[in-house]
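For reference, target.tsv is printed below; it contains TSV, C-alpha atoms and all ligand atoms.
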chain	number	residue	atom	x	y	z
A	11	MET	CA	-33.20	19.09	-13.77
A	12	ASP	CA	-34.82	21.15	-11.06
A	13	ALA	CA	-34.57	21.54	-7.30
A	14	ARG	CA	-36.76	18.52	-6.66
A	15	ASP	CA	-34.18	16.34	-8.41
A	16	VAL	CA	-31.35	17.47	-6.16
A	17	ASN	CA	-30.65	15.25	-3.15
A	18	ILE	CA	-28.88	16.84	-0.22
A	19	LEU	CA	-27.73	15.03	2.89
A	20	VAL	CA	-27.44	17.14	6.04
A	21	VAL	CA	-25.28	15.61	8.76
A	22	ASP	CA	-25.43	17.42	12.05
A	23	ARG	CA	-25.44	16.07	15.57
A	24	GLU	CA	-27.39	19.00	16.89
A	25	GLU	CA	-31.01	18.52	16.12
A	26	ASP	CA	-31.96	22.21	16.12
A	27	LEU	CA	-29.27	23.19	13.64
A	28	ARG	CA	-29.97	20.23	11.43
A	29	TYR	CA	-33.66	20.95	11.47
A	30	ALA	CA	-33.17	24.64	10.65
A	31	LEU	CA	-30.87	23.92	7.74
A	32	ALA	CA	-33.01	21.10	6.34
A	33	PHE	CA	-36.08	23.31	6.61
A	34	ARG	CA	-34.41	26.10	4.72
A	35	LEU	CA	-33.14	23.81	1.98
A	36	ARG	CA	-36.55	22.19	1.60
A	37	SER	CA	-38.22	25.56	1.33
A	38	VAL	CA	-36.12	26.26	-1.76
A	39	GLY	CA	-37.25	22.92	-3.14
A	40	TYR	CA	-34.32	20.57	-2.59
A	41	ARG	CA	-34.94	17.01	-1.46
A	42	VAL	CA	-33.23	16.73	1.91
A	43	TYR	CA	-32.13	13.70	3.91
A	44	GLU	CA	-30.95	14.07	7.48
A	45	ALA	CA	-28.53	12.18	9.68
A	46	SER	CA	-27.48	12.77	13.26
A	47	ASP	CA	-24.72	10.17	13.39
A	48	ASP	CA	-22.17	8.39	11.21
A	49	LYS	CA	-24.12	5.21	10.79
A	50	THR	CA	-27.29	6.91	9.60
A	51	ALA	CA	-25.25	9.19	7.36
A	52	ARG	CA	-23.57	6.22	5.68
A	53	THR	CA	-26.87	4.40	5.24
A	54	GLN	CA	-28.57	7.45	3.74
A	55	PHE	CA	-25.61	7.95	1.43
A	56	GLU	CA	-25.78	4.34	0.28
A	57	ARG	CA	-29.51	4.39	-0.20
A	58	HIS	CA	-29.93	7.61	-2.14
A	59	LEU	CA	-28.00	9.25	-4.91
A	60	ILE	CA	-26.70	12.19	-2.89
A	61	HIS	CA	-25.51	15.18	-4.91
A	62	LEU	CA	-24.31	17.27	-2.00
A	63	VAL	CA	-23.47	16.67	1.64
A	64	VAL	CA	-23.50	19.40	4.26
A	65	LEU	CA	-21.41	18.12	7.12
A	66	ASP	CA	-21.20	19.95	10.41
A	67	ALA	CA	-17.87	19.14	12.03
A	68	PHE	CA	-18.55	21.29	15.03
A	69	THR	CA	-18.58	18.63	17.72
A	70	ALA	CA	-16.65	15.65	16.39
A	71	GLU	CA	-14.13	16.93	13.92
A	72	GLN	CA	-12.14	13.73	13.39
A	73	GLU	CA	-15.22	11.62	12.81
A	74	ALA	CA	-16.63	14.18	10.45
A	75	LEU	CA	-13.41	14.14	8.44
A	76	ALA	CA	-13.44	10.34	8.29
A	77	LEU	CA	-17.01	10.47	7.07
A	78	ALA	CA	-16.14	13.07	4.44
A	79	GLU	CA	-13.26	10.93	3.27
A	80	HIS	CA	-15.57	7.92	3.01
A	81	PHE	CA	-18.10	9.89	0.90
A	82	ARG	CA	-15.34	11.27	-1.24
A	83	SER	CA	-13.93	7.89	-2.17
A	84	ALA	CA	-17.32	6.22	-2.56
A	85	GLN	CA	-18.74	8.89	-4.83
A	86	PRO	CA	-16.18	11.42	-6.06
A	87	GLU	CA	-18.81	13.46	-7.88
A	88	THR	CA	-20.70	14.31	-4.73
A	89	GLN	CA	-20.01	17.79	-3.48
A	90	ILE	CA	-19.07	18.02	0.17
A	91	LEU	CA	-19.46	21.13	2.21
A	92	ILE	CA	-17.97	21.00	5.64
A	93	LEU	CA	-18.65	23.44	8.47
A	94	VAL	CA	-15.83	23.82	10.99
A	95	PRO	CA	-15.28	25.96	14.07
A	96	PHE	CA	-13.15	29.02	13.47
A	97	ASP	CA	-10.25	27.76	15.61
A	98	ALA	CA	-10.02	24.34	13.97
A	99	VAL	CA	-7.10	25.07	11.69
A	100	PRO	CA	-5.82	21.45	11.48
A	101	THR	CA	-9.30	20.29	10.53
A	102	ARG	CA	-9.42	22.82	7.76
A	103	GLU	CA	-6.02	21.74	6.49
A	104	ARG	CA	-6.98	18.09	6.60
A	105	ALA	CA	-10.24	18.81	4.74
A	106	ALA	CA	-8.25	20.51	2.01
A	107	GLU	CA	-5.97	17.45	1.81
A	108	ILE	CA	-8.91	15.11	1.37
A	109	GLY	CA	-10.04	17.35	-1.43
A	110	ILE	CA	-13.13	18.87	0.08
A	111	ALA	CA	-13.79	21.93	-1.98
A	112	GLU	CA	-15.98	23.83	0.39
A	113	VAL	CA	-14.87	24.46	3.93
A	114	MET	CA	-16.90	27.06	5.75
A	115	VAL	CA	-15.88	28.53	9.04
A	116	LYS	CA	-18.60	28.97	11.59
A	117	PRO	CA	-20.50	31.10	12.34
A	118	VAL	CA	-22.01	31.06	8.88
A	119	SER	CA	-24.96	33.19	7.83
A	120	ALA	CA	-27.86	31.49	6.13
A	121	ARG	CA	-27.27	33.55	3.02
A	122	GLN	CA	-23.60	32.58	2.86
A	123	LEU	CA	-24.51	28.96	3.28
A	124	MET	CA	-27.21	28.97	0.61
A	125	THR	CA	-24.92	30.74	-1.83
A	126	THR	CA	-22.12	28.25	-1.20
A	127	ILE	CA	-24.50	25.33	-1.63
A	128	ALA	CA	-25.74	26.81	-4.89
A	129	GLY	CA	-22.14	27.26	-6.05
A	130	ALA	CA	-21.22	23.68	-5.15
A	131	LEU	CA	-24.24	22.37	-7.03
A	132	ARG	CA	-23.19	24.37	-10.05
A	133	LYS	CA	-19.96	22.40	-9.99
A	134	ARG	CA	-21.87	19.14	-9.67
A	135	PHE	CA	-24.13	20.03	-12.60
A	136	PRO	CA	-21.92	22.16	-14.81
A	137	GLU	CA	-23.96	21.72	-17.94
A	138	GLY	CA	-27.17	23.52	-18.74
A	139	ALA	CA	-29.38	25.42	-16.42
A	140	PHE	CA	-28.50	25.72	-12.81
A	141	PRO	CA	-30.45	23.12	-10.92
A	142	GLY	CA	-31.87	23.56	-7.54
A	143	GLN	CA	-32.62	27.21	-7.41
A	144	PRO	CA	-35.90	28.58	-8.66
A	145	ALA	CA	-35.24	31.39	-11.11
A	146	ILE	CA	-37.00	34.70	-10.65
A	147	LEU	CA	-37.07	37.59	-13.09
A	148	ILE	CA	-37.82	41.07	-11.80
A	149	VAL	CA	-39.17	43.49	-14.37
A	150	ASP	CA	-39.45	47.08	-13.26
A	151	ASP	CA	-38.35	50.40	-14.72
A	152	GLU	CA	-37.31	51.67	-11.30
A	153	GLU	CA	-33.81	50.61	-10.39
A	154	ASP	CA	-34.40	50.96	-6.65
A	155	VAL	CA	-37.34	48.60	-6.74
A	156	ARG	CA	-35.36	46.03	-8.71
A	157	PHE	CA	-32.41	46.33	-6.37
A	158	MET	CA	-34.46	45.85	-3.22
A	159	LEU	CA	-36.43	42.92	-4.56
A	160	ALA	CA	-33.38	41.24	-6.03
A	161	PHE	CA	-31.46	41.61	-2.82
A	162	ARG	CA	-34.22	40.14	-0.67
A	163	LEU	CA	-35.05	37.29	-3.06
A	164	ARG	CA	-31.41	36.29	-3.44
A	165	TYR	CA	-31.21	36.20	0.31
A	166	ALA	CA	-34.18	33.84	0.27
A	167	GLY	CA	-32.11	31.48	-1.89
A	168	TYR	CA	-33.48	32.26	-5.33
A	169	SER	CA	-31.57	32.89	-8.50
A	170	VAL	CA	-32.58	36.39	-9.56
A	171	ALA	CA	-32.32	38.27	-12.83
A	172	GLU	CA	-33.49	41.79	-13.62
A	173	ALA	CA	-34.96	43.52	-16.64
A	174	LYS	CA	-35.54	47.24	-16.89
A	175	ASP	CA	-38.33	47.16	-19.44
A	176	GLY	CA	-40.77	44.89	-21.22
A	177	ALA	CA	-38.70	44.33	-24.34
A	178	GLN	CA	-35.67	43.24	-22.34
A	179	ALA	CA	-37.85	41.00	-20.18
A	180	LEU	CA	-39.39	39.24	-23.18
A	181	SER	CA	-36.05	38.60	-24.81
A	182	MET	CA	-34.70	37.18	-21.52
A	183	ILE	CA	-37.76	34.96	-21.09
A	184	HIS	CA	-37.33	33.59	-24.60
A	185	GLN	CA	-33.75	32.62	-23.80
A	186	THR	CA	-33.98	31.38	-20.23
A	187	LYS	CA	-36.57	29.51	-18.26
A	188	TYR	CA	-37.84	31.50	-15.28
A	189	ASP	CA	-40.18	30.09	-12.68
A	190	VAL	CA	-41.65	33.37	-11.54
A	191	VAL	CA	-41.72	36.82	-13.12
A	192	ILE	CA	-42.42	39.82	-10.93
A	193	LEU	CA	-43.82	42.33	-13.36
A	194	ASP	CA	-44.42	46.02	-12.88
A	195	VAL	CA	-47.57	47.31	-14.55
A	196	MET	CA	-46.50	50.91	-15.01
A	197	MET	CA	-43.59	50.98	-17.38
A	198	PRO	CA	-42.82	53.31	-20.27
A	199	ARG	CA	-43.15	52.00	-23.88
A	200	MET	CA	-44.50	48.54	-23.12
A	201	ASP	CA	-46.59	48.18	-19.97
A	202	GLY	CA	-46.92	45.06	-17.85
A	203	PHE	CA	-50.21	44.04	-19.45
A	204	GLU	CA	-48.64	43.96	-22.88
A	205	VAL	CA	-45.70	41.92	-21.56
A	206	LEU	CA	-48.12	39.47	-19.98
A	207	ARG	CA	-50.15	39.21	-23.16
A	208	ARG	CA	-47.06	38.38	-25.19
A	209	LEU	CA	-45.88	35.95	-22.55
A	210	GLN	CA	-48.88	33.73	-23.07
A	211	THR	CA	-47.35	32.54	-26.34
A	212	VAL	CA	-44.23	31.21	-24.60
A	213	ASP	CA	-44.31	27.47	-23.89
A	214	GLU	CA	-44.27	26.71	-20.18
A	215	HIS	CA	-44.51	30.38	-19.41
A	216	PRO	CA	-43.55	31.47	-15.91
A	217	ALA	CA	-45.97	32.35	-13.13
A	218	VAL	CA	-46.45	36.12	-13.14
A	219	ILE	CA	-46.91	38.30	-10.09
A	220	PHE	CA	-47.98	41.85	-10.85
A	221	LEU	CA	-46.73	44.94	-9.10
A	222	THR	CA	-49.51	47.50	-9.15
A	223	ALA	CA	-50.18	50.85	-7.56
A	224	VAL	CA	-52.24	50.35	-4.45
A	225	THR	CA	-55.06	52.53	-5.74
A	226	GLN	CA	-55.54	50.78	-9.08
A	227	LEU	CA	-58.17	48.15	-8.36
A	228	GLU	CA	-59.05	47.73	-12.02
A	229	ASP	CA	-55.38	47.06	-12.84
A	230	ARG	CA	-55.31	44.17	-10.42
A	231	VAL	CA	-58.46	42.68	-11.87
A	232	ARG	CA	-57.18	43.09	-15.39
A	233	GLY	CA	-53.82	41.51	-14.52
A	234	LEU	CA	-55.48	38.48	-12.97
A	235	GLU	CA	-57.81	38.19	-15.94
A	236	LEU	CA	-54.84	38.23	-18.28
A	237	GLY	CA	-53.37	35.25	-16.46
A	238	ALA	CA	-51.23	36.62	-13.66
A	239	VAL	CA	-51.28	34.34	-10.63
A	240	ASP	CA	-51.08	37.10	-8.05
A	241	TYR	CA	-50.38	40.77	-7.47
A	242	VAL	CA	-48.59	42.88	-4.91
A	243	ALA	CA	-49.59	46.48	-4.32
A	244	LYS	CA	-46.94	49.18	-4.27
A	245	PRO	CA	-45.56	50.30	-1.90
A	246	PHE	CA	-44.98	46.72	-0.93
A	247	ASP	CA	-43.62	44.92	2.05
A	248	LEU	CA	-40.62	42.80	1.06
A	249	GLU	CA	-41.67	39.90	3.25
A	250	GLU	CA	-45.03	39.83	1.53
A	251	VAL	CA	-43.34	39.60	-1.87
A	252	VAL	CA	-41.17	36.72	-0.66
A	253	ALA	CA	-44.24	34.95	0.70
A	254	ARG	CA	-46.17	35.42	-2.55
A	255	VAL	CA	-43.24	34.17	-4.62
A	256	GLY	CA	-43.20	31.09	-2.38
A	257	VAL	CA	-46.92	30.53	-2.97
A	258	ALA	CA	-46.56	31.00	-6.73
A	259	LEU	CA	-43.69	28.50	-6.83
A	260	ARG	CA	-45.54	25.93	-4.77
A	261	GLU	CA	-48.56	26.26	-7.03
A	262	LYS	CA	-46.38	25.94	-10.13
A	263	THR	CA	-44.62	22.90	-8.68
A	264	ARG	CA	-47.97	21.35	-7.83
A	265	LEU	CA	-49.27	21.85	-11.36
A	266	GLU	CA	-46.10	20.50	-12.92
A	267	GLY	CA	-46.12	17.68	-10.40
A	268	ALA	CA	-49.63	16.74	-11.45
A	269	ASN	CA	-48.33	16.30	-14.99
A	270	ALA	CA	-45.19	14.51	-14.01
A	271	ALA	CA	-46.50	12.81	-10.88
A	272	SER	CA	-46.49	9.52	-12.63
A	273	LEU	CA	-43.22	8.28	-14.00
A	274	GLU	CA	-45.14	6.01	-16.29
A	275	ASP	CA	-46.12	6.42	-19.90
A	276	PRO	CA	-49.86	5.66	-19.94
A	277	LEU	CA	-49.88	4.11	-23.40
A	278	THR	CA	-47.10	1.54	-23.05
A	279	LEU	CA	-46.78	1.46	-19.25
A	280	LEU	CA	-43.03	1.86	-19.67
A	281	GLY	CA	-41.27	4.63	-17.75
A	282	ASN	CA	-41.65	8.11	-19.23
A	283	ARG	CA	-38.98	10.64	-20.12
A	284	ARG	CA	-38.71	11.90	-16.57
A	285	ALA	CA	-38.19	8.38	-15.29
A	286	PHE	CA	-35.59	7.85	-18.01
A	287	THR	CA	-33.58	10.91	-16.94
A	288	HIS	CA	-33.55	9.67	-13.35
A	289	ALA	CA	-32.60	6.14	-14.30
A	290	LEU	CA	-29.79	7.17	-16.62
A	291	GLU	CA	-28.33	9.59	-14.08
A	292	LYS	CA	-28.45	6.86	-11.46
A	293	GLU	CA	-26.88	4.29	-13.77
A	294	ILE	CA	-24.06	6.65	-14.71
A	295	SER	CA	-23.33	7.41	-11.06
A	296	ARG	CA	-23.34	3.74	-10.25
A	297	ALA	CA	-21.01	2.96	-13.15
A	298	ILE	CA	-18.61	5.70	-12.07
A	299	ARG	CA	-18.74	4.64	-8.46
A	300	PHE	CA	-18.07	0.98	-9.04
A	301	GLU	CA	-16.03	1.46	-12.23
A	302	ARG	CA	-18.51	-0.58	-14.21
A	303	ARG	CA	-20.01	-0.30	-17.63
A	304	ALA	CA	-23.50	0.54	-18.74
A	305	ALA	CA	-25.15	0.81	-22.11
A	306	LEU	CA	-27.88	3.00	-23.46
A	307	ILE	CA	-30.01	1.90	-26.37
A	308	ALA	CA	-32.04	4.44	-28.29
A	309	ILE	CA	-34.93	2.90	-30.20
A	310	ASP	CA	-37.09	4.55	-32.78
A	311	ALA	CA	-40.27	3.06	-34.26
A	312	ASP	CA	-40.00	2.87	-38.03
A	313	GLY	CA	-42.83	4.25	-40.09
A	314	LEU	CA	-45.20	5.23	-37.30
A	315	LYS	CA	-46.44	8.18	-39.29
A	316	ARG	CA	-47.26	5.95	-42.22
A	317	ILE	CA	-49.35	3.70	-40.02
A	318	ASN	CA	-51.09	6.61	-38.34
A	319	ASP	CA	-51.93	8.09	-41.71
A	320	ALA	CA	-53.00	4.84	-43.33
A	321	ALA	CA	-54.79	3.05	-40.50
A	322	GLY	CA	-55.52	5.69	-37.88
A	323	HIS	CA	-54.08	6.57	-34.50
A	324	GLU	CA	-55.50	3.52	-32.81
A	325	ALA	CA	-53.40	1.35	-35.10
A	326	GLY	CA	-50.47	3.62	-34.36
A	327	ASP	CA	-51.02	3.05	-30.64
A	328	ARG	CA	-51.12	-0.71	-31.15
A	329	TYR	CA	-47.89	-0.42	-33.12
A	330	LEU	CA	-46.21	1.40	-30.23
A	331	ARG	CA	-47.52	-1.15	-27.75
A	332	ALA	CA	-46.16	-3.99	-29.89
A	333	ILE	CA	-42.74	-2.35	-29.80
A	334	SER	CA	-42.88	-1.83	-26.05
A	335	ALA	CA	-43.91	-5.46	-25.56
A	336	ALA	CA	-40.89	-6.58	-27.59
A	337	ILE	CA	-38.64	-4.29	-25.56
A	338	ARG	CA	-40.03	-5.67	-22.34
A	339	ALA	CA	-39.56	-9.24	-23.53
A	340	THR	CA	-35.91	-8.50	-24.35
A	341	CYS	CA	-34.98	-6.73	-21.11
A	342	ARG	CA	-33.48	-8.52	-18.17
A	343	ARG	CA	-34.84	-7.78	-14.73
A	344	VAL	CA	-32.06	-5.30	-14.00
A	345	ASP	CA	-32.57	-3.32	-17.20
A	346	SER	CA	-35.08	-0.55	-17.52
A	347	ALA	CA	-37.10	0.62	-20.50
A	348	PHE	CA	-38.77	3.94	-21.28
A	349	ARG	CA	-40.90	5.68	-23.86
A	350	VAL	CA	-39.18	9.01	-24.13
A	351	GLY	CA	-41.11	10.61	-26.97
A	352	GLY	CA	-43.81	9.96	-29.55
A	353	ASP	CA	-42.09	7.11	-31.34
A	354	GLU	CA	-38.87	7.05	-29.34
A	355	PHE	CA	-37.88	4.55	-26.70
A	356	ALA	CA	-34.78	4.09	-24.57
A	357	VAL	CA	-33.35	1.16	-22.67
A	358	VAL	CA	-30.72	1.38	-19.96
A	359	LEU	CA	-28.68	-1.81	-19.67
A	360	THR	CA	-26.92	-2.33	-16.38
A	361	GLU	CA	-23.43	-3.87	-16.41
A	362	SER	CA	-23.34	-4.17	-20.16
A	363	ASP	CA	-20.62	-3.61	-22.70
A	364	ARG	CA	-20.95	-3.14	-26.44
A	365	ALA	CA	-21.21	-6.85	-27.19
A	366	ALA	CA	-24.05	-7.23	-24.67
A	367	ALA	CA	-25.81	-4.20	-26.14
A	368	GLU	CA	-25.49	-5.65	-29.63
A	369	ARG	CA	-26.93	-8.92	-28.39
A	370	PHE	CA	-29.83	-6.98	-26.92
A	371	CYS	CA	-30.52	-5.37	-30.28
A	372	SER	CA	-30.54	-8.63	-32.19
A	373	ARG	CA	-32.78	-10.33	-29.61
A	374	PHE	CA	-35.05	-7.29	-29.80
A	375	ALA	CA	-35.24	-7.59	-33.58
A	376	GLU	CA	-36.26	-11.25	-33.18
A	377	ALA	CA	-38.89	-10.33	-30.60
A	378	LEU	CA	-40.29	-7.73	-32.99
A	379	ALA	CA	-40.47	-10.26	-35.81
A	380	GLU	CA	-42.57	-12.53	-33.59
A	381	ARG	CA	-45.14	-9.78	-33.11
A	382	PRO	CA	-46.64	-8.74	-36.41
A	383	LEU	CA	-49.31	-6.08	-35.97
A	384	ALA	CA	-51.66	-7.89	-38.31
A	385	GLU	CA	-51.37	-10.24	-41.23
A	386	GLY	CA	-48.75	-8.72	-43.47
A	387	ILE	CA	-48.00	-5.69	-41.28
A	388	SER	CA	-44.65	-6.18	-39.62
A	389	VAL	CA	-43.39	-4.08	-36.74
A	390	SER	CA	-39.96	-2.60	-37.07
A	391	ALA	CA	-37.71	-0.26	-35.16
A	392	SER	CA	-34.17	1.08	-35.41
A	393	CYS	CA	-31.61	1.00	-32.62
A	394	GLY	CA	-28.57	3.02	-31.63
A	395	ILE	CA	-26.08	2.02	-28.95
A	396	ALA	CA	-23.93	4.12	-26.65
A	397	VAL	CA	-21.66	2.55	-24.05
A	398	PHE	CA	-20.37	4.15	-20.88
A	399	PRO	CA	-17.61	5.28	-20.59
A	400	GLU	CA	-16.15	5.05	-24.10
A	401	ASP	CA	-19.00	6.81	-25.91
A	402	GLY	CA	-19.73	9.32	-23.19
A	403	ARG	CA	-19.46	9.93	-19.48
A	404	CYS	CA	-22.61	11.96	-18.91
A	405	GLN	CA	-26.25	11.85	-19.94
A	406	ALA	CA	-25.96	14.36	-22.75
A	407	THR	CA	-23.01	12.74	-24.50
A	408	LEU	CA	-24.40	9.23	-24.17
A	409	ILE	CA	-27.80	10.22	-25.54
A	410	GLU	CA	-26.15	12.07	-28.37
A	411	ALA	CA	-23.94	9.10	-29.25
A	412	ALA	CA	-26.88	6.67	-29.19
A	413	ASP	CA	-28.99	9.01	-31.34
A	414	ARG	CA	-26.19	9.46	-33.84
A	415	MET	CA	-25.92	5.72	-34.34
A	416	LEU	CA	-29.69	5.36	-34.45
A	417	TYR	CA	-30.03	7.86	-37.29
A	418	ALA	CA	-27.13	6.36	-39.16
A	419	SER	CA	-28.83	2.96	-39.07
A	420	LYS	CA	-32.15	4.52	-40.04
A	421	ARG	CA	-30.62	6.18	-43.06
A	422	LYS	CA	-29.20	2.84	-44.12
A	423	ARG	CA	-32.64	1.25	-44.00
A	424	VAL	CA	-34.48	3.93	-45.93
A	501	MG	MG	-42.97	51.42	-12.92
Step by step, read the file and then write its structure as structure tokens.
Amino acid sequence: MDARDVNILVVDREEDLRYALAFRLRSVGYRVYEASDDKTARTQFERHLIHLVVLDAFTAEQEALALAEHFRSAQPETQILILVPFDAVPTRERAAEIGIAEVMVKPVSARQLMTTIAGALRKRFPEGAFPGQPAILIVDDEEDVRFMLAFRLRYAGYSVAEAKDGAQALSMIHQTKYDVVILDVMMPRMDGFEVLRRLQTVDEHPAVIFLTAVTQLEDRVRGLELGAVDYVAKPFDLEEVVARVGVALREKTRLEGANAASLEDPLTLLGNRRAFTHALEKEISRAIRFERRAALIAIDADGLKRINDAAGHEAGDRYLRAISAAIRATCRRVDSAFRVGGDEFAVVLTESDRAAAERFCSRFAEALAERPLAEGISVSASCGIAVFPEDGRCQATLIEAADRMLYASKRKRV
């Protein structure tokens, strides 16, 4: 999950404040919805899956509290951050009673606010990488340079890590996904060029901005030739670095967006993995909110490799399309189906318990049987079921449970 997947609702009666906050949050990449009154706030909250609400209680404290209470009971997972005037002690006490974790007393600095928002989102998404904050790695042998850059970039709302040499940087990059690396050229042992060269082998490698001495024109050229997206000449202006990081991130987002712009798998026209992640998250939230059930079905095409090897990839594609057609024929209107990997599919069944999921699987098997690929070539697939909440209460556990059952049934077949 990244910043673009995080929905924040900003509720503030004062247009200027709301605008400033929304602007700042958007610049870090969050998706932001705005509301100036209760009614709009409630509608926005209903319409979108809101992960975090920033609620300014500056002018109408009681209404703001009522609104917070409404959000809290409708969607307990949503993080609520409430801003109150410094003299509003009863409001603060009441907010604590309702169970609002984050109460900030105005005036609040932008940095404080961004840090608190980041912290609240960490609570909302405890597992895995921190969503919502682009991650920057600063690699420089000079501590002062690292300190200054880190300080300014954290202030800008980024998550910042530091490495003091190339070896440390490479090992960090292999372990954690960074969006941008700010890389000093002149470093002892391994210089920036060597780091950049080795970086090219990392999948989804980060955008690299070089730090070069102002006089070294050939260094800049060489860095760009090696694949850096930009450079900053030392001594640098901090604001320029922040601006260039922003440009690098936007460019990276645009490139990734071009790949993921469509939520559709071009071969089967089912949703792709990205669409699946969204749909499952939404379904889980809905199930939690309304105390309902939902089922996930993991489906794996049997013997795709054999068909690819024996009859070619075009036959393999037809095989996958036959499976997707059978899935589509089995789904109800409210269900959603996805191709999540080469020969893997997933179906999210709304309002379904285990019995309904089992019925889905047997109807799917019948639909497959009606669609032989050619005379004598049958189409087959294995299924695994996971039901919310008994098999798991979050994406990871549900997917794991469905996969476990899928592989168990596959082993039985083979
Ligand atoms: Mg240096």
8 Å contact set for range 352-358 of chain A, only C-alpha atoms, chain neighbours under 6 positions out, as number ranges by chain:
A: 286, 289-290, 293, 304-311, 314, 330, 345-346
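In this model, the gap between CA of Ser295 in chain A and CA of Leu280 in chain A comes to 22.2 Å.
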Each chain A residue no farther than 7 Å from ligand MG 501 (chain A), nearest pair in Å, all atoms listed in the file, as a tab-separated table:
residue	atom	partner	partner_atom	distance
A:Asp150	CA	A:MG501	MG	5.6
A:Asp151	CA	A:MG501	MG	5.1
A:Glu152	CA	A:MG501	MG	5.9
A:Asp194	CA	A:MG501	MG	5.6
A:Val195	CA	A:MG501	MG	6.4
A:Met196	CA	A:MG501	MG	4.1
A:Met197	CA	A:MG501	MG	4.5
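You will find CA of Arg207 in chain A at 10.8 Å from CA of Leu180 in chain A.
Rounded to one decimal, CA of Ile298 in chain A and CA of Ala128 in chain A lie 23.4 Å from each other.
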Hey, can you pull every residue with an atom no more than 10 Å from (-16.0, 18.6, 17.2), using all atoms listed in the file, and send it as a VMD selection string?
chain A and resid 23 66 to 74 94 to 95 98 101
Step by step: start from the point (-32.4, 48.5, -17.8) in the file's coordinates, keep every protein, DNA or RNA residue that has an atom no farther than 12 Å from it, count only C-alpha atoms, and write the set as an MDAnalysis selection string.
chainID A and resid 148:154 156:157 171:179 197:198
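Ranking A:Thr225, A:Lys49, A:Tyr188, A:Gly167 by their shortest atom-to-atom distance to Gly129 in chain A, with all atoms listed in the file included, puts A:Gly167 first.
Distance check against Glu361 in chain A using only C-alpha atoms: of A:Arg264, A:Arg303, A:His61, A:Lys244, the minimum falls on A:Arg303.
Distances here use all atoms listed in the file; by that measure, the residue among A:Leu206, A:Leu163, A:Ala78, A:Ala145 closest to Glu112 in chain A is A:Ala78.
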